[in-house]
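See below for target_36.pdb, which holds PDB, C-alpha atoms.
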ATOM      1  CA  MET K   1      38.329  89.006  28.870
ATOM      2  CA  ASN K   2      36.207  86.928  26.555
ATOM      3  CA  ASP K   3      33.970  83.923  27.199
ATOM      4  CA  ALA K   4      36.990  81.609  27.401
ATOM      5  CA  THR K   5      37.435  82.410  31.091
ATOM      6  CA  PRO K   6      35.093  79.859  32.737
ATOM      7  CA  ARG K   7      36.250  76.992  30.473
ATOM      8  CA  PHE K   8      39.807  78.099  31.011
ATOM      9  CA  LEU K   9      39.687  77.117  34.674
ATOM     10  CA  GLU K  10      38.593  73.554  33.824
ATOM     11  CA  GLU K  11      41.146  72.814  31.081
ATOM     12  CA  SER K  12      44.861  72.022  31.111
ATOM     13  CA  PRO K  13      47.171  74.688  29.615
ATOM     14  CA  ASP K  14      47.933  72.397  26.649
ATOM     15  CA  ALA K  15      44.243  71.892  25.881
ATOM     16  CA  ILE K  16      43.571  75.617  26.106
ATOM     17  CA  ALA K  17      46.490  76.454  23.827
ATOM     18  CA  GLY K  18      45.402  73.807  21.311
ATOM     19  CA  ARG K  19      41.800  74.994  21.284
ATOM     20  CA  LEU K  20      42.659  78.680  20.971
ATOM     21  CA  MET K  21      45.235  78.079  18.243
ATOM     22  CA  GLN K  22      42.833  75.901  16.276
ATOM     23  CA  LYS K  23      40.180  78.600  16.515
ATOM     24  CA  ALA K  24      42.689  81.227  15.358
ATOM     25  CA  HIS K  25      43.864  78.975  12.522
ATOM     26  CA  ASN K  26      40.337  78.646  11.136
ATOM     27  CA  GLN K  27      39.099  82.180  11.793
ATOM     28  CA  ASP K  28      39.791  83.489   8.267
ATOM     29  CA  GLY K  29      38.367  80.520   6.303
ATOM     30  CA  LEU K  30      41.543  80.066   4.213
ATOM     31  CA  PRO K  31      42.171  76.436   5.281
ATOM     32  CA  GLU K  32      38.590  75.545   4.283
ATOM     33  CA  ILE K  33      38.995  77.249   0.914
ATOM     34  CA  ALA K  34      42.207  75.259   0.343
ATOM     35  CA  VAL K  35      40.523  71.984   1.340
ATOM     36  CA  GLY K  36      37.540  72.824  -0.877
ATOM     37  CA  LEU K  37      39.776  73.471  -3.892
ATOM     38  CA  MET K  38      41.723  70.255  -3.222
ATOM     39  CA  PHE K  39      38.499  68.231  -3.021
ATOM     40  CA  LEU K  40      37.185  69.815  -6.232
ATOM     41  CA  PHE K  41      40.514  69.020  -7.910
ATOM     42  CA  VAL K  42      40.164  65.365  -6.863
ATOM     43  CA  ALA K  43      36.527  65.350  -8.014
ATOM     44  CA  GLY K  44      37.674  66.749 -11.373
ATOM     45  CA  LEU K  45      40.227  63.961 -11.752
ATOM     46  CA  GLN K  46      37.580  61.394 -10.879
ATOM     47  CA  TRP K  47      35.272  62.960 -13.464
ATOM     48  CA  LEU K  48      37.989  62.410 -16.087
ATOM     49  CA  GLN K  49      38.100  58.748 -15.062
ATOM     50  CA  VAL K  50      34.308  58.468 -15.335
ATOM     51  CA  VAL K  51      34.078  60.152 -18.763
ATOM     52  CA  PHE K  52      37.172  58.771 -20.507
ATOM     53  CA  HIS K  53      37.903  55.088 -21.006
ATOM     54  CA  GLN K  54      40.770  53.305 -19.341
ATOM     55  CA  GLY K  55      43.985  53.640 -21.344
ATOM     56  CA  SER K  56      43.105  57.047 -22.777
ATOM     57  CA  LEU K  57      45.470  59.966 -22.245
ATOM     58  CA  ALA K  58      42.967  61.809 -20.023
ATOM     59  CA  TYR K  59      42.515  58.731 -17.817
ATOM     60  CA  LYS K  60      46.281  58.348 -17.446
ATOM     61  CA  ALA K  61      46.631  62.060 -16.692
ATOM     62  CA  ALA K  62      43.982  61.718 -13.986
ATOM     63  CA  ASN K  63      45.887  58.785 -12.448
ATOM     64  CA  LEU K  64      49.077  60.826 -12.488
ATOM     65  CA  GLY K  65      47.260  63.760 -10.891
ATOM     66  CA  LEU K  66      45.975  61.523  -8.081
ATOM     67  CA  MET K  67      49.488  60.215  -7.445
ATOM     68  CA  LEU K  68      50.852  63.753  -7.266
ATOM     69  CA  LEU K  69      48.227  64.945  -4.756
ATOM     70  CA  PRO K  70      50.749  65.635  -1.956
ATOM     71  CA  ALA K  71      52.210  68.447  -4.111
ATOM     72  CA  PRO K  72      49.055  70.636  -4.158
ATOM     73  CA  TYR K  73      48.495  69.767  -0.480
ATOM     74  CA  PHE K  74      51.882  71.116   0.612
ATOM     75  CA  GLY K  75      51.536  73.938  -1.906
ATOM     76  CA  SER K  76      48.252  74.977  -0.275
ATOM     77  CA  LEU K  77      49.906  75.139   3.177
ATOM     78  CA  TRP K  78      52.556  77.444   1.726
ATOM     79  CA  ALA K  79      49.929  79.515  -0.114
ATOM     80  CA  ILE K  80      47.845  80.014   3.052
ATOM     81  CA  LYS K  81      50.936  81.228   4.909
ATOM     82  CA  MET K  82      51.836  83.612   2.093
ATOM     83  CA  VAL K  83      48.308  85.054   1.724
ATOM     84  CA  ARG K  84      48.106  85.613   5.479
ATOM     85  CA  ARG K  85      51.530  87.290   5.640
ATOM     86  CA  LYS K  86      50.844  89.468   2.609
ATOM     87  CA  PHE K  87      47.202  90.490   3.032
ATOM     88  CA  LEU K  88      45.855  89.506   6.428
ATOM     89  CA  ILE K  89      48.748  89.961   8.853
ATOM     90  CA  ALA K  90      47.272  93.152  10.331
ATOM     91  CA  ARG K  91      44.177  91.156  11.296
ATOM     92  CA  VAL K  92      45.449  87.665  12.135
ATOM     93  CA  GLY K  93      48.878  88.587  13.487
ATOM     94  CA  TYR K  94      52.117  86.699  13.046
ATOM     95  CA  VAL K  95      52.870  83.279  14.505
ATOM     96  CA  GLU K  96      55.654  80.780  13.934
ATOM     97  CA  PHE K  97      54.496  77.282  14.809
ATOM     98  CA  LYS K  98      56.710  74.543  16.168
ATOM     99  CA  PRO K  99      57.821  72.182  13.381
ATOM    100  CA  VAL K 100      55.981  68.900  14.053
ATOM    101  CA  ASN K 101      52.990  68.046  16.177
ATOM    102  CA  LYS K 102      53.666  64.338  16.751
ATOM    103  CA  LYS K 103      50.437  63.734  18.686
ATOM    104  CA  ARG K 104      48.328  64.927  15.749
ATOM    105  CA  ILE K 105      50.294  62.844  13.238
ATOM    106  CA  TRP K 106      49.757  59.744  15.388
ATOM    107  CA  ALA K 107      46.052  60.566  15.726
ATOM    108  CA  VAL K 108      45.723  60.769  11.917
ATOM    109  CA  ILE K 109      47.690  57.518  11.467
ATOM    110  CA  GLY K 110      45.489  55.881  14.112
ATOM    111  CA  ILE K 111      42.250  56.937  12.405
ATOM    112  CA  ALA K 112      43.561  55.808   8.997
ATOM    113  CA  PHE K 113      44.535  52.442  10.502
ATOM    114  CA  VAL K 114      41.144  51.902  12.154
ATOM    115  CA  VAL K 115      39.308  52.887   8.957
ATOM    116  CA  ALA K 116      41.533  50.577   6.864
ATOM    117  CA  CYS K 117      40.942  47.680   9.283
ATOM    118  CA  ALA K 118      37.189  48.273   9.200
ATOM    119  CA  MET K 119      37.284  48.292   5.410
ATOM    120  CA  VAL K 120      39.302  45.060   5.159
ATOM    121  CA  PHE K 121      36.945  43.385   7.618
ATOM    122  CA  ALA K 122      33.901  44.584   5.689
ATOM    123  CA  ILE K 123      35.301  43.410   2.343
ATOM    124  CA  ALA K 124      36.144  40.022   3.863
ATOM    125  CA  ALA K 125      32.550  39.719   5.103
ATOM    126  CA  LYS K 126      31.405  40.092   1.435
ATOM    127  CA  ARG K 127      28.154  41.882   2.281
ATOM    128  CA  LEU K 128      28.757  44.672  -0.256
ATOM    129  CA  PRO K 129      31.275  45.191  -3.105
ATOM    130  CA  PRO K 130      34.709  46.595  -2.076
ATOM    131  CA  ALA K 131      34.001  49.892  -3.886
ATOM    132  CA  SER K 132      30.956  50.521  -1.674
ATOM    133  CA  TRP K 133      32.935  49.924   1.508
ATOM    134  CA  LEU K 134      35.744  52.138   0.250
ATOM    135  CA  LEU K 135      33.246  54.954  -0.284
ATOM    136  CA  ALA K 136      31.674  54.468   3.148
ATOM    137  CA  THR K 137      34.992  54.336   4.998
ATOM    138  CA  THR K 138      36.333  57.342   3.062
ATOM    139  CA  GLY K 139      33.232  59.318   4.037
ATOM    140  CA  ILE K 140      33.372  58.269   7.688
ATOM    141  CA  GLY K 141      37.162  58.659   7.972
ATOM    142  CA  GLY K 142      37.121  62.037   6.224
ATOM    143  CA  GLY K 143      34.243  63.184   8.409
ATOM    144  CA  LEU K 144      36.061  62.137  11.583
ATOM    145  CA  LEU K 145      39.206  63.945  10.467
ATOM    146  CA  ALA K 146      37.227  67.103   9.699
ATOM    147  CA  ILE K 147      35.632  67.028  13.165
ATOM    148  CA  LEU K 148      38.900  66.320  14.981
ATOM    149  CA  SER K 149      41.009  68.832  13.076
ATOM    150  CA  GLY K 150      38.430  71.628  12.908
ATOM    151  CA  ARG K 151      36.956  71.481  16.424
ATOM    152  CA  LEU K 152      34.344  74.095  15.499
ATOM    153  CA  PRO K 153      30.580  73.594  14.944
ATOM    154  CA  ARG K 154      30.793  74.154  11.168
ATOM    155  CA  PHE K 155      33.451  71.410  10.881
ATOM    156  CA  VAL K 156      31.280  69.052  12.918
ATOM    157  CA  VAL K 157      28.380  69.690  10.512
ATOM    158  CA  GLY K 158      30.694  69.193   7.500
ATOM    159  CA  GLY K 159      32.153  66.000   9.007
ATOM    160  CA  VAL K 160      28.734  64.514   9.732
ATOM    161  CA  LEU K 161      27.550  65.385   6.190
ATOM    162  CA  MET K 162      30.641  63.718   4.693
ATOM    163  CA  ALA K 163      30.070  60.554   6.733
ATOM    164  CA  VAL K 164      26.372  60.462   5.773
ATOM    165  CA  ALA K 165      27.240  61.052   2.099
ATOM    166  CA  GLY K 166      29.798  58.206   2.209
ATOM    167  CA  ILE K 167      27.276  55.797   3.730
ATOM    168  CA  PHE K 168      24.573  56.877   1.256
ATOM    169  CA  LEU K 169      26.907  56.307  -1.718
ATOM    170  CA  CYS K 170      27.847  52.925  -0.269
ATOM    171  CA  LEU K 171      24.194  51.874  -0.062
ATOM    172  CA  ILE K 172      23.215  52.972  -3.586
ATOM    173  CA  ARG K 173      26.196  51.002  -4.966
ATOM    174  CA  VAL K 174      27.622  53.470  -7.478
ATOM    175  CA  SER K 175      31.003  52.833  -9.109
ATOM    176  CA  LEU K 176      34.116  53.888  -7.187
ATOM    177  CA  GLU K 177      35.045  56.727  -9.566
ATOM    178  CA  MET K 178      31.489  58.059  -9.688
ATOM    179  CA  GLY K 179      31.174  57.786  -5.909
ATOM    180  CA  PHE K 180      34.432  59.640  -5.258
ATOM    181  CA  MET K 181      33.447  62.273  -7.805
ATOM    182  CA  ILE K 182      30.137  62.910  -6.022
ATOM    183  CA  LEU K 183      31.633  62.702  -2.503
ATOM    184  CA  PHE K 184      34.614  64.982  -3.119
ATOM    185  CA  GLY K 185      32.673  67.281  -5.438
ATOM    186  CA  ALA K 186      29.893  67.882  -2.916
ATOM    187  CA  MET K 187      32.219  68.213   0.077
ATOM    188  CA  GLY K 188      34.622  70.427  -1.880
ATOM    189  CA  LEU K 189      31.815  72.764  -2.879
ATOM    190  CA  LEU K 190      30.499  72.881   0.685
ATOM    191  CA  SER K 191      33.959  73.573   2.094
ATOM    192  CA  LEU K 192      34.689  76.235  -0.530
ATOM    193  CA  VAL K 193      31.404  78.077   0.068
ATOM    194  CA  SER K 194      31.789  77.858   3.857
ATOM    195  CA  GLY K 195      35.397  79.102   3.657
ATOM    196  CA  CYS K 196      34.454  82.015   1.370
ATOM    197  CA  VAL K 197      31.624  83.088   3.716
ATOM    198  CA  VAL K 198      33.978  82.946   6.736
ATOM    199  CA  LEU K 199      36.663  84.905   4.839
ATOM    200  CA  LEU K 200      34.133  87.519   3.759
ATOM    201  CA  LEU K 201      32.855  87.980   7.310
ATOM    202  CA  PHE K 202      36.425  88.047   8.617
ATOM    203  CA  THR K 203      37.585  90.742   6.203
ATOM    204  CA  ARG K 204      34.478  92.840   6.934
ATOM    205  CA  ARG K 205      35.311  92.887  10.650
ATOM    206  CA  PRO K 206      36.742  96.295  11.558
ATOM    207  CA  ALA K 207      40.529  96.093  11.806
ATOM    208  CA  GLU K 208      42.232  97.689  14.796
ATOM    209  CA  ALA K 209      45.450  99.371  13.722
ATOM    210  CA  GLY K 210      48.485  99.350  15.956
ATOM    211  CA  GLU K 211      49.020  97.746  19.348
TER     212      GLU K 211
ATOM    213  CA  MET Y   1      48.171  63.743  50.270
ATOM    214  CA  SER Y   2      48.301  66.759  52.540
ATOM    215  CA  THR Y   3      51.864  67.549  51.416
ATOM    216  CA  LYS Y   4      50.697  67.537  47.795
ATOM    217  CA  ILE Y   5      47.907  69.919  48.700
ATOM    218  CA  GLN Y   6      50.343  72.041  50.640
ATOM    219  CA  ARG Y   7      52.506  72.348  47.517
ATOM    220  CA  LEU Y   8      49.721  74.440  45.994
ATOM    221  CA  ALA Y   9      50.897  77.229  48.278
ATOM    222  CA  GLU Y  10      54.221  77.228  46.362
ATOM    223  CA  ILE Y  11      52.520  77.883  43.019
ATOM    224  CA  ASP Y  12      53.924  80.816  41.083
ATOM    225  CA  ARG Y  13      51.352  83.591  41.363
ATOM    226  CA  VAL Y  14      52.546  85.340  38.202
ATOM    227  CA  ILE Y  15      51.613  82.361  36.054
ATOM    228  CA  HIS Y  16      48.572  81.315  38.103
ATOM    229  CA  GLU Y  17      46.479  84.274  36.946
ATOM    230  CA  PRO Y  18      44.101  82.877  34.224
ATOM    231  CA  ALA Y  19      44.899  85.424  31.502
ATOM    232  CA  ARG Y  20      48.660  85.083  32.021
ATOM    233  CA  LEU Y  21      48.377  81.290  32.093
ATOM    234  CA  MET Y  22      46.518  81.502  28.780
ATOM    235  CA  ILE Y  23      49.302  83.634  27.252
ATOM    236  CA  VAL Y  24      52.060  81.356  28.563
ATOM    237  CA  ALA Y  25      50.222  78.197  27.430
ATOM    238  CA  LEU Y  26      49.838  79.674  23.948
ATOM    239  CA  LEU Y  27      53.466  80.741  23.711
ATOM    240  CA  ALA Y  28      54.545  77.284  24.913
ATOM    241  CA  ALA Y  29      52.794  75.765  21.907
ATOM    242  CA  VAL Y  30      54.488  78.000  19.293
ATOM    243  CA  GLU Y  31      57.983  79.206  18.505
ATOM    244  CA  GLU Y  32      56.988  82.874  18.659
ATOM    245  CA  ALA Y  33      53.947  85.059  18.070
ATOM    246  CA  ASP Y  34      53.268  88.761  17.720
ATOM    247  CA  PHE Y  35      51.026  90.939  19.870
ATOM    248  CA  GLN Y  36      48.222  90.913  17.289
ATOM    249  CA  TYR Y  37      48.100  87.119  17.180
ATOM    250  CA  LEU Y  38      47.935  86.917  20.981
ATOM    251  CA  HIS Y  39      45.249  89.620  21.006
ATOM    252  CA  GLN Y  40      43.154  87.755  18.407
ATOM    253  CA  THR Y  41      43.667  84.340  19.956
ATOM    254  CA  THR Y  42      43.187  85.106  23.636
ATOM    255  CA  GLY Y  43      40.364  87.626  23.215
ATOM    256  CA  LEU Y  44      41.972  89.904  25.808
ATOM    257  CA  THR Y  45      41.766  93.653  25.283
ATOM    258  CA  LYS Y  46      44.958  95.295  24.014
ATOM    259  CA  GLY Y  47      45.518  97.162  27.269
ATOM    260  CA  ASN Y  48      44.941  94.061  29.359
ATOM    261  CA  LEU Y  49      47.206  91.948  27.168
ATOM    262  CA  SER Y  50      49.921  94.588  27.238
ATOM    263  CA  ALA Y  51      49.799  94.752  31.051
ATOM    264  CA  HIS Y  52      50.004  90.972  31.412
ATOM    265  CA  LEU Y  53      52.880  90.734  28.916
ATOM    266  CA  THR Y  54      54.782  93.384  30.862
ATOM    267  CA  LYS Y  55      54.355  91.361  34.083
ATOM    268  CA  LEU Y  56      55.496  88.175  32.354
ATOM    269  CA  GLU Y  57      58.488  89.982  30.871
ATOM    270  CA  GLU Y  58      59.435  91.450  34.249
ATOM    271  CA  ALA Y  59      59.275  87.955  35.765
ATOM    272  CA  GLY Y  60      61.590  86.729  32.998
ATOM    273  CA  TYR Y  61      59.065  84.245  31.589
ATOM    274  CA  VAL Y  62      58.509  85.966  28.232
ATOM    275  CA  ALA Y  63      61.062  87.650  25.966
ATOM    276  CA  ILE Y  64      59.688  90.586  23.990
ATOM    277  CA  ALA Y  65      61.330  92.102  20.901
ATOM    278  CA  LYS Y  66      59.910  95.379  19.639
ATOM    279  CA  SER Y  67      60.363  96.652  16.089
ATOM    280  CA  PHE Y  68      58.249  98.131  13.285
ATOM    281  CA  ARG Y  69      56.311  96.588  10.385
ATOM    282  CA  GLY Y  70      56.023  99.548   8.043
ATOM    283  CA  LYS Y  71      54.725 102.350  10.236
ATOM    284  CA  TYR Y  72      53.048 100.016  12.748
ATOM    285  CA  PRO Y  73      54.789  98.730  15.884
ATOM    286  CA  LEU Y  74      55.569  95.015  15.887
ATOM    287  CA  THR Y  75      55.957  93.147  19.163
ATOM    288  CA  ILE Y  76      57.228  89.582  18.934
ATOM    289  CA  CYS Y  77      56.815  87.442  22.043
ATOM    290  CA  ARG Y  78      58.562  84.194  22.870
ATOM    291  CA  LEU Y  79      58.557  82.005  25.983
ATOM    292  CA  THR Y  80      61.965  81.932  27.709
ATOM    293  CA  GLU Y  81      63.594  78.785  29.119
ATOM    294  CA  ARG Y  82      62.655  80.041  32.585
ATOM    295  CA  GLY Y  83      59.050  80.449  31.404
ATOM    296  CA  LYS Y  84      58.995  76.863  30.100
ATOM    297  CA  GLU Y  85      60.358  75.556  33.415
ATOM    298  CA  VAL Y  86      57.784  77.501  35.415
ATOM    299  CA  LEU Y  87      54.920  76.261  33.221
ATOM    300  CA  ASP Y  88      56.112  72.637  33.514
ATOM    301  CA  ASN Y  89      56.385  72.994  37.284
ATOM    302  CA  TYR Y  90      52.947  74.614  37.475
ATOM    303  CA  ARG Y  91      51.465  71.754  35.459
ATOM    304  CA  ARG Y  92      53.121  69.130  37.702
ATOM    305  CA  VAL Y  93      51.983  70.728  40.950
ATOM    306  CA  MET Y  94      48.410  71.219  39.758
ATOM    307  CA  LYS Y  95      48.169  67.637  38.452
ATOM    308  CA  ALA Y  96      49.555  66.183  41.670
ATOM    309  CA  ALA Y  97      47.392  68.282  43.942
ATOM    310  CA  LEU Y  98      44.016  68.109  42.202
TER     311      LEU Y  98
END

Could you spell out this file's structure in structure tokens?
Amino acid sequence: MNDATPRFLEESPDAIAGRLMQKAHNQDGLPEIAVGLMFLFVAGLQWLQVVFHQGSLAYKAANLGLMLLPAPYFGSLWAIKMVRRKFLIARVGYVEFKPVNKKRIWAVIGIAFVVACAMVFAIAAKRLPPASWLLATTGIGGGLLAILSGRLPRFVVGGVLMAVAGIFLCLIRVSLEMGFMILFGAMGLLSLVSGCVVLLLFTRRPAEAGE
Amino acid sequence: MSTKIQRLAEIDRVIHEPARLMIVALLAAVEEADFQYLHQTTGLTKGNLSAHLTKLEEAGYVAIAKSFRGKYPLTICRLTERGKEVLDNYRRVMKAAL
């Protein structure tokens, strides 16, 4: 048995299952690659809003792209499943998850609520412009989500970096579009590189055929 | 208090074994999973995992369907209703006693 044994005796079955499944979910780097591409897509849209003036076709297209973000998000979930089933199934195995994890959804809603409250409070205090607070809370909220959903050291590092980047952008008072472009661009690149390295290492692991 | 402690003696020994508890806990969190996924996720050796799955199947806690994916054998595992009941009971007894 692996090193999970000693921890296993101290955890509840639910916690063990959650931890092991999360580890398995992130072992091939595909979710990070998807997140990285999504972040770079958002950064690209923000770049359009920085470069082109309000009212231009490119600016409007960027707004439309931001509104349609759920589509590439759900598309990426489908794509990960397909890539795994088609190319990696011999290594990762097959699993059919239960439809909805209500606890996780409530945790995400809770974090979003706390971050939104903190932002409203900060704006009301008028210490910094709203755009700065929005950047800081996006960085901190995104970082927290990365840590909670990843539960692996590399996600903790990524989450901390995102929070620090958000706070830094808040303090240097850049515009909202520029700040989002830098934040999502940097984090997207980091996530993409990290995911590609993990995928490369994963595919180089010797595969054991059969059962 | 002593009666709660005494209930520990009633714990199902099939599920109490750490590796089997790990398999059952994992299967309780998903609809179904294949042998490879369980092997990757639990870190058990294939022989060890196979032996534990056989014990769980014999106890009626896990349903196993065997087929082929191309030329490779495919073993899909799923927790039975009985398995879910036993895991819930195990969880209750352990929580109450410890």

Could you pull the residues within 8 Å of stretch 16-32 of chain K, counting all atoms listed in the file, minus those fewer than 4 positions along the same chain, as a PDB file with C-alpha atoms, in the coordinates of the input?
ATOM      1  CA  PHE K   8      39.807  78.099  31.011  1.00  0.00           C
ATOM      2  CA  GLU K  11      41.146  72.814  31.081  1.00  0.00           C
ATOM      3  CA  SER K  12      44.861  72.022  31.111  1.00  0.00           C
ATOM      4  CA  GLY K  36      37.540  72.824  -0.877  1.00  0.00           C
ATOM      5  CA  ILE K  80      47.845  80.014   3.052  1.00  0.00           C
ATOM      6  CA  VAL K  92      45.449  87.665  12.135  1.00  0.00           C
ATOM      7  CA  SER K 149      41.009  68.832  13.076  1.00  0.00           C
ATOM      8  CA  GLY K 150      38.430  71.628  12.908  1.00  0.00           C
ATOM      9  CA  ARG K 151      36.956  71.481  16.424  1.00  0.00           C
ATOM     10  CA  LEU K 152      34.344  74.095  15.499  1.00  0.00           C
ATOM     11  CA  SER K 191      33.959  73.573   2.094  1.00  0.00           C
ATOM     12  CA  LEU K 192      34.689  76.235  -0.530  1.00  0.00           C
ATOM     13  CA  SER K 194      31.789  77.858   3.857  1.00  0.00           C
ATOM     14  CA  GLY K 195      35.397  79.102   3.657  1.00  0.00           C
ATOM     15  CA  CYS K 196      34.454  82.015   1.370  1.00  0.00           C
ATOM     16  CA  VAL K 197      31.624  83.088   3.716  1.00  0.00           C
ATOM     17  CA  VAL K 198      33.978  82.946   6.736  1.00  0.00           C
ATOM     18  CA  LEU K 199      36.663  84.905   4.839  1.00  0.00           C
ATOM     19  CA  PHE K 202      36.425  88.047   8.617  1.00  0.00           C
ATOM     20  CA  THR K 203      37.585  90.742   6.203  1.00  0.00           C
TER      21      THR K 203
ATOM     22  CA  MET Y  22      46.518  81.502  28.780  1.00  0.00           C
ATOM     23  CA  ALA Y  25      50.222  78.197  27.430  1.00  0.00           C
ATOM     24  CA  LEU Y  26      49.838  79.674  23.948  1.00  0.00           C
ATOM     25  CA  ALA Y  29      52.794  75.765  21.907  1.00  0.00           C
ATOM     26  CA  GLN Y  40      43.154  87.755  18.407  1.00  0.00           C
ATOM     27  CA  THR Y  41      43.667  84.340  19.956  1.00  0.00           C
ATOM     28  CA  THR Y  42      43.187  85.106  23.636  1.00  0.00           C
TER      29      THR Y  42
END

The PyMOL selection byres ((chain Y and resi 46-58) around 9) resolved against shown file, as a list in words: Met1 and Glu211 of chain K; Val14, Ile15, Ala19, Arg20, Ile23, Val24, Phe35, Gln36, Leu38, His39, Thr42, Gly43, Leu44, Thr45, Ala59, Gly60, Tyr61, Val62, Ala63, Ile64, Cys77 and Gly83 of chain Y

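Taking atom CA of Y:Glu85 as the reference point, atom CA of Y:Asp12 is found at 11.3 Å.
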
Nearby residues (all atoms listed in the file) at most 12 Å from Y:Arg92, same-chain spacing under 6 positions excluded, as JSON, numbers by chain: {"K": [12, 13], "Y": [4, 7, 8, 10, 11, 85, 86, 98]}

Chain and number of each residue from the PyMOL selection byres ((chain Y and resi 74) around 9), as a PDB file with C-alpha atoms, in the frame of the given file:
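Just written: out_25.pdb:
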ATOM      1  CA  GLY K 210      48.485  99.350  15.956  1.00  0.00           C
ATOM      2  CA  GLU K 211      49.020  97.746  19.348  1.00  0.00           C
TER       3      GLU K 211
ATOM      4  CA  ASP Y  34      53.268  88.761  17.720  1.00  0.00           C
ATOM      5  CA  PHE Y  35      51.026  90.939  19.870  1.00  0.00           C
ATOM      6  CA  GLN Y  36      48.222  90.913  17.289  1.00  0.00           C
ATOM      7  CA  ALA Y  65      61.330  92.102  20.901  1.00  0.00           C
ATOM      8  CA  LYS Y  66      59.910  95.379  19.639  1.00  0.00           C
ATOM      9  CA  SER Y  67      60.363  96.652  16.089  1.00  0.00           C
ATOM     10  CA  PHE Y  68      58.249  98.131  13.285  1.00  0.00           C
ATOM     11  CA  ARG Y  69      56.311  96.588  10.385  1.00  0.00           C
ATOM     12  CA  TYR Y  72      53.048 100.016  12.748  1.00  0.00           C
ATOM     13  CA  PRO Y  73      54.789  98.730  15.884  1.00  0.00           C
ATOM     14  CA  THR Y  75      55.957  93.147  19.163  1.00  0.00           C
ATOM     15  CA  ILE Y  76      57.228  89.582  18.934  1.00  0.00           C
TER      16      ILE Y  76
END

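Relative to atom CA of K:Asn63, atom CA of K:Val120 is found at 23.3 Å.
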
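Coordinates place atom CA of K:Tyr94 at a distance of 5.6 Å from atom CA of Y:Ala33.
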
Distance query K:Gly75 at most 12 Å, only C-alpha atoms, self and fewer than 5 positions along chain excluded, as a PyMOL selection string: chain K and resi 34-35+37-38+68-70+80-82

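Counting all atoms listed in the file and comparing K:Lys60, K:Gly93, K:Tyr73, K:Arg85, the residue that lies closest to chain Y is K:Gly93.
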
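Distances to K:Leu77 were evaluated for K:Leu148, K:Ile33, K:Met187, K:Ala43 using only C-alpha atoms, and the minimum falls at K:Ile33.
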
Non-local contacts of K:Leu48 (7 Å; only C-alpha atoms; under 6 positions in same chain excluded) as a list of chain:residue names: K:Ala58, K:Tyr59, K:Ala62

Just the selected residues (C-alpha atoms), exported as a CSV table (one decimal), keeping the file's coordinate frame, please.
chain,number,residue,atom,x,y,z
K,58,ALA,CA,43.0,61.8,-20.0
K,59,TYR,CA,42.5,58.7,-17.8
K,62,ALA,CA,44.0,61.7,-14.0

Expected selection from the PyMOL selection byres ((chain K and resi 138) around 9), given as a PyMOL selection string: chain K and resi 115+133-137+139-143+162-163+166+180

Residues within 8 Å of K:Val42, only C-alpha atoms, excluding chain neighbours under 2 positions, as a count of residues only: 10

Around all listed atoms of stretch 15-26 of chain K, padded 8 Å per side, what centre and edge lengths does the axis-aligned box have in Å to one decimal, as lines of an AutoDock Vina configuration file?
center_x = 43.3
center_y = 76.6
center_z = 18.6
size_x = 22.3
size_y = 25.3
size_z = 31.0
